[in-house]
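> Sharing a structure with you now.
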Amino acid sequence: MTNTDPTKGARRLRLGTRGSPLALAQANQIADGIRAASAGAYECEIVAFTTTGDKLTTERLINSGGKGLFTRELDDALSRGELDLAVHSLKDVPSVLPAGQVFAAFPAREDPRDGFLSHKAKSIRELPEGAKLGTASLRREAQALALRPDLEVVTFRGNVATRMRKLEEGQADATFLAMAGLTRLGMADVATPIPLEDMLPAAAQGIIGVVARDDADTELLEILGTLTHGPSRAAAIAERAFLEKLDGSCRTPIAAHLFDRGDEWELIGEVLSPGGTARWRGDGVCRKDATDAQLVLLGRAVAQEIIFAAKEALPVFGDER
Ligand SMILES: NCc1[nH]cc(CCC(=O)O)c1CC(=O)O
């Protein structure tokens with residue numbers, strides 16, 4: 001499948017992604033991977049997009065704006081054939097891909113933990129009474145308030161650099177950022193990682209998803225397949241199946257993580273009421289050699305457990321699904 005004949009020019013691929021430094025770093029990683037795995041047969045050109053999500057300026061707009069805000073423009077360009085591949089932070093990708101699109105690679109997951117950033121404390125617990133927490137994430141807001149109901153949550157939007165600047169300016173006393181993003185930008189040391197069990201991350205946090213059209217040529221799909229990391233792919237499938245089953249509302253704080261328990265996978269899922277006054281956890285295990293279908297069933301079963309437990313309190317789960 002490799003083209004080592006120097007007289008034959010490399011085939012050009014257009015890789016679409018968002019314009020943020022993090023998105024560009026991720027796209028470059030994939031471009032390097034494709035070049036190496038194809039022994040130079042493919043060369044990638046990175047095309048940066050501004051998505052609707054990048055243009056919105058307030059947290060509330062994001063939270064009420066529906067799904068795919070960070071992917072729609074890329075989805076459309078991929079469908080139209082203006083791109084060959086789209087590179088996404090998987091946690092920003094809606095749980096169902098647009099028709100005609102497939103995941104072509106799930107490279108090794110980067111640190112999935114959330115990071116805590118503050119000049120006033122080393123952890124959420126140590127923050128002074130009534131401290132301001134900057135976040136645009138309903139999940140992080142609910143998880144932090146579950147622990148510290150006295151905190152005041154303030155809107156914190158923008159890319160990693162913007163949010164760090166807002167913290168420096170004192171617009172908040174603390175904020176959270178995904179360790180994966182910080183690590184990929186070479187800035188992991190600005191944050192204190194929070195143990196996974198203390199703050200369960202968003203489904204697929206730290207995983208990159210590479211999306212192709214389902215009619216992409218087999219040679220390209222084979223090369224992309226070699227970039228896939230099995231355990232990260234298993235996590236992507238189980239965590240996203242959990243999310244899909246729960247996807248009643250984009251206003252519900254949801255977290256999920258597939259843990260490596262030696263000879264088994266354990267999926268822990270969590271749903272909180274907005275504001276963190278109530279929290280439901282579910283969990284389930286499966287064998288490490290589970291098929292994709294079994295990983296999907298695991299995700300759905302953990303979601304179903306939470307739906308049963310939470311449906312009285314959260315009417316959004318009352319519907320049959
Ligand atoms: N919603 C924005 C977003 N999407 C992906 C990441 C980080 C990288 C990742 O989780 O893969 C971030 C920033 C953050 O949550 O701090």
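We name chains A, B, ... following the order of the structure tokens; residues begin at 1 in each chain, and ligands are numbered from 1 as shown.
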Per DSSP on the backbone, what are the strand (DSSP E) residues of range 96-217 of chain A, as an MDAnalysis selection string?
chainID A and resid 101:105 114:118 132:134 152:154 174:178 192:193 208:213
> Write out as a CSV table (one decimal) with N, CA and C atoms, in the first residue's frame the residues lying within 10 Å of Asp215 in chain A, counting only C-alpha atoms and excluding same-chain residues fewer than 5 positions away.

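Everything below was put into part-v8.csv:
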chain,number,residue,atom,x,y,z
A,100,GLY,N,-23.1,9.5,5.6
A,100,GLY,CA,-22.0,9.4,4.6
A,100,GLY,C,-20.6,9.6,5.2
A,101,GLN,N,-20.5,9.8,6.6
A,101,GLN,CA,-19.2,10.0,7.2
A,101,GLN,C,-18.9,8.9,8.2
A,102,VAL,N,-17.6,8.6,8.3
A,102,VAL,CA,-17.2,7.5,9.2
A,102,VAL,C,-15.9,8.0,9.9
A,221,LEU,N,-7.9,4.7,3.8
A,221,LEU,CA,-8.5,4.2,5.0
A,221,LEU,C,-7.6,3.2,5.7
> Could you give me, as a ChimeraX atom specification, every polymer residue with an atom at most 10 Å away from an atom of ligand 1, counting only C-alpha atoms and all ligand atoms?
/A:22-23,26,53-54,70,88-93,109-115,135-137,140,157-160,163,175-184,201-209
> Could you turn the residues from that selection into a file that holds N, CA and C atoms, as a compact mmCIF listing (two decimals), in the first residue's frame?

# COMPACT_ATOMS: atom_id res chain seq x y z
N LEU A 22 -4.73 24.70 19.38
CA LEU A 22 -4.89 23.29 19.74
C LEU A 22 -5.34 22.46 18.54
N ALA A 23 -6.36 22.95 17.83
CA ALA A 23 -6.86 22.21 16.66
C ALA A 23 -5.75 22.05 15.62
N GLN A 26 -3.30 19.40 16.66
CA GLN A 26 -3.86 18.06 16.46
C GLN A 26 -3.81 17.67 14.97
N GLY A 53 -19.35 27.72 16.56
CA GLY A 53 -18.97 27.72 17.98
C GLY A 53 -17.86 28.72 18.27
N ASP A 54 -16.95 28.92 17.33
CA ASP A 54 -15.86 29.87 17.53
C ASP A 54 -16.36 31.31 17.50
N PHE A 70 -19.14 23.12 16.83
CA PHE A 70 -17.72 23.19 16.49
C PHE A 70 -17.36 22.31 15.30
N HIS A 88 -10.95 16.30 14.53
CA HIS A 88 -11.71 16.91 15.62
C HIS A 88 -11.21 16.47 16.99
N SER A 89 -11.38 17.33 18.01
CA SER A 89 -11.39 16.86 19.39
C SER A 89 -12.68 16.07 19.51
N LEU A 90 -12.57 14.78 19.81
CA LEU A 90 -13.77 13.93 19.74
C LEU A 90 -14.86 14.37 20.70
N LYS A 91 -14.47 15.01 21.79
CA LYS A 91 -15.52 15.40 22.73
C LYS A 91 -16.41 16.52 22.19
N ASP A 92 -15.98 17.19 21.14
CA ASP A 92 -16.81 18.22 20.51
C ASP A 92 -17.67 17.67 19.38
N VAL A 93 -17.55 16.38 19.08
CA VAL A 93 -18.27 15.79 17.95
C VAL A 93 -19.58 15.18 18.44
N ARG A 109 -5.07 8.20 22.96
CA ARG A 109 -5.66 9.25 23.80
C ARG A 109 -4.57 9.99 24.57
N GLU A 110 -4.69 11.29 24.63
CA GLU A 110 -3.82 12.12 25.48
C GLU A 110 -4.46 12.14 26.87
N ASP A 111 -3.73 12.62 27.87
CA ASP A 111 -4.21 12.69 29.26
C ASP A 111 -5.68 13.11 29.32
N PRO A 112 -6.59 12.23 29.78
CA PRO A 112 -8.02 12.56 29.76
C PRO A 112 -8.48 13.42 30.92
N ARG A 113 -7.61 13.71 31.89
CA ARG A 113 -8.06 14.41 33.10
C ARG A 113 -8.34 15.89 32.85
N ASP A 114 -9.17 16.45 33.70
CA ASP A 114 -9.30 17.90 33.74
C ASP A 114 -8.17 18.45 34.58
N GLY A 115 -7.76 19.68 34.27
CA GLY A 115 -6.72 20.35 35.05
C GLY A 115 -7.32 21.53 35.80
N THR A 135 -15.88 29.10 33.98
CA THR A 135 -16.04 27.94 33.10
C THR A 135 -17.20 28.17 32.15
N ALA A 136 -17.16 27.50 31.01
CA ALA A 136 -18.27 27.54 30.08
C ALA A 136 -18.86 26.15 29.94
N SER A 137 -18.39 25.24 30.80
CA SER A 137 -18.82 23.84 30.70
C SER A 137 -19.86 23.55 31.77
N ARG A 140 -18.45 20.82 34.13
CA ARG A 140 -17.49 21.27 35.15
C ARG A 140 -18.18 22.14 36.19
N ARG A 157 -15.18 31.83 28.24
CA ARG A 157 -15.16 31.23 26.91
C ARG A 157 -13.84 31.51 26.24
N GLY A 158 -13.64 30.86 25.12
CA GLY A 158 -12.46 31.16 24.31
C GLY A 158 -11.46 30.02 24.34
N ASN A 159 -10.41 30.18 23.57
CA ASN A 159 -9.42 29.11 23.51
C ASN A 159 -8.54 29.13 24.76
N VAL A 160 -7.60 28.20 24.82
CA VAL A 160 -6.78 28.02 26.02
C VAL A 160 -6.10 29.34 26.42
N ARG A 163 -8.56 31.91 27.91
CA ARG A 163 -9.02 31.59 29.27
C ARG A 163 -7.92 31.81 30.29
N THR A 175 -10.03 28.20 37.22
CA THR A 175 -10.70 27.67 36.04
C THR A 175 -10.23 26.24 35.81
N PHE A 176 -10.88 25.56 34.87
CA PHE A 176 -10.48 24.21 34.48
C PHE A 176 -10.13 24.20 33.01
N LEU A 177 -9.14 23.40 32.65
CA LEU A 177 -8.86 23.14 31.24
C LEU A 177 -8.51 21.67 31.11
N ALA A 178 -8.86 21.09 29.98
CA ALA A 178 -8.50 19.69 29.75
C ALA A 178 -6.98 19.56 29.70
N MET A 179 -6.44 18.59 30.45
CA MET A 179 -4.99 18.36 30.42
C MET A 179 -4.52 18.00 29.01
N ALA A 180 -5.39 17.33 28.25
CA ALA A 180 -5.03 16.92 26.89
C ALA A 180 -4.65 18.13 26.04
N GLY A 181 -5.48 19.16 26.11
CA GLY A 181 -5.22 20.35 25.31
C GLY A 181 -3.93 21.02 25.76
N LEU A 182 -3.78 21.16 27.08
CA LEU A 182 -2.57 21.81 27.61
C LEU A 182 -1.33 21.02 27.22
N THR A 183 -1.41 19.70 27.32
CA THR A 183 -0.25 18.85 27.00
C THR A 183 0.12 18.99 25.53
N ARG A 184 -0.90 18.99 24.67
CA ARG A 184 -0.60 19.10 23.22
C ARG A 184 0.00 20.45 22.88
N PRO A 201 -14.25 13.07 33.49
CA PRO A 201 -14.21 13.98 32.33
C PRO A 201 -15.39 13.80 31.36
N ALA A 202 -15.44 14.68 30.38
CA ALA A 202 -16.43 14.54 29.31
C ALA A 202 -16.14 13.26 28.53
N ALA A 203 -17.18 12.64 28.00
CA ALA A 203 -16.99 11.48 27.12
C ALA A 203 -16.00 11.84 26.03
N ALA A 204 -15.03 10.97 25.82
CA ALA A 204 -14.04 11.10 24.74
C ALA A 204 -13.01 12.22 24.96
N GLN A 205 -12.98 12.80 26.14
CA GLN A 205 -12.00 13.85 26.39
C GLN A 205 -10.58 13.30 26.14
N GLY A 206 -9.77 14.07 25.43
CA GLY A 206 -8.39 13.66 25.16
C GLY A 206 -8.23 12.79 23.91
N ILE A 207 -9.35 12.43 23.26
CA ILE A 207 -9.26 11.59 22.05
C ILE A 207 -9.45 12.47 20.81
N ILE A 208 -8.63 12.23 19.78
CA ILE A 208 -8.79 12.89 18.49
C ILE A 208 -9.57 11.94 17.58
N GLY A 209 -10.57 12.45 16.89
CA GLY A 209 -11.30 11.65 15.92
C GLY A 209 -11.01 12.16 14.52
> Within 8 Å of Ala37 in chain A, counting only C-alpha atoms, which residues show up once you throw out same-chain ones fewer than 2 positions away? Write them as a PyMOL selection string, please.
chain A and resi 33-35+39-40+223+226-227
> For the selection just defined, write its residues with C-alpha atoms to a file, as a PDB file, in the first residue's frame.

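What landed in again-v5.pdb:
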ATOM      1  CA  GLY A  33       1.217  10.358  11.099  1.00  0.00           C
ATOM      2  CA  ILE A  34      -0.203  10.005   7.588  1.00  0.00           C
ATOM      3  CA  ARG A  35       3.054  11.065   5.951  1.00  0.00           C
ATOM      4  CA  ALA A  39       6.119   6.489   3.582  1.00  0.00           C
ATOM      5  CA  GLY A  40       5.501   9.870   2.008  1.00  0.00           C
ATOM      6  CA  ILE A 223      -3.210   4.029   6.214  1.00  0.00           C
ATOM      7  CA  THR A 226      -2.663   2.125  11.257  1.00  0.00           C
ATOM      8  CA  LEU A 227      -2.854   5.377  13.268  1.00  0.00           C
TER       9      LEU A 227
END
> Using only C-alpha atoms, which residue out of A:Arg72, A:Arg139, A:Arg251, A:Lys132 lies closest to Glu152 in chain A?
A:Lys132
> Near Ile30 in chain A, counting only C-alpha atoms, which residues have an atom at most 10 Å away, once you skip same-chain residues fewer than 6 positions from it, shown as a PyMOL selection string?
chain A and resi 15+24+36+44+87+105+107+208-210+224+227
> Find the nearest atom pair between each residue of range 190-247 of chain A and range 302-313 of chain A for residues within 9 Å, count only C-alpha atoms, give distances in Å to one decimal, sort rows by chain and ascending number, and present the table as a Markdown table.

| residue | atom | partner | partner_atom | distance |
| --- | --- | --- | --- | --- |
| A:Ala241 | CA | A:Ala303 | CA | 8.5 |
| A:Phe242 | CA | A:Ala303 | CA | 5.3 |
| A:Leu243 | CA | A:Ala303 | CA | 7.6 |
| A:Glu244 | CA | A:Ala303 | CA | 8.9 |
| A:Lys245 | CA | A:Ala303 | CA | 6.3 |
| A:Leu246 | CA | A:Ala303 | CA | 6.2 |
> Hey, what does DSSP flag as helix (DSSP H, G or I) within range 3-196 of chain A? Can you give it to me as a ChimeraX atom specification?
/A:21-37,52-55,59-64,72-80,90-92,138-147,160-168,179-184,188-190
> Considering only C-alpha atoms, return as a ChimeraX atom specification whatever protein or nucleic-acid residues lie within 7 Å of Leu272 in chain A, sequence-local ones (same chain, fewer than 5 positions apart) excluded.
/A:142,253-254,278-280
> Take CA of His229 in chain A and CA of Glu82 in chain A and report the distance between them in Å, one decimal.
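These two atoms are separated by 27.5 Å.
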> Please provide the set of residues having any atom within 9 Å of Pro94 in chain A, restricted to only C-alpha atoms, with same-chain residues fewer than 6 positions apart removed, written as a PyMOL selection string.
chain A and resi 67-68+71+240+244
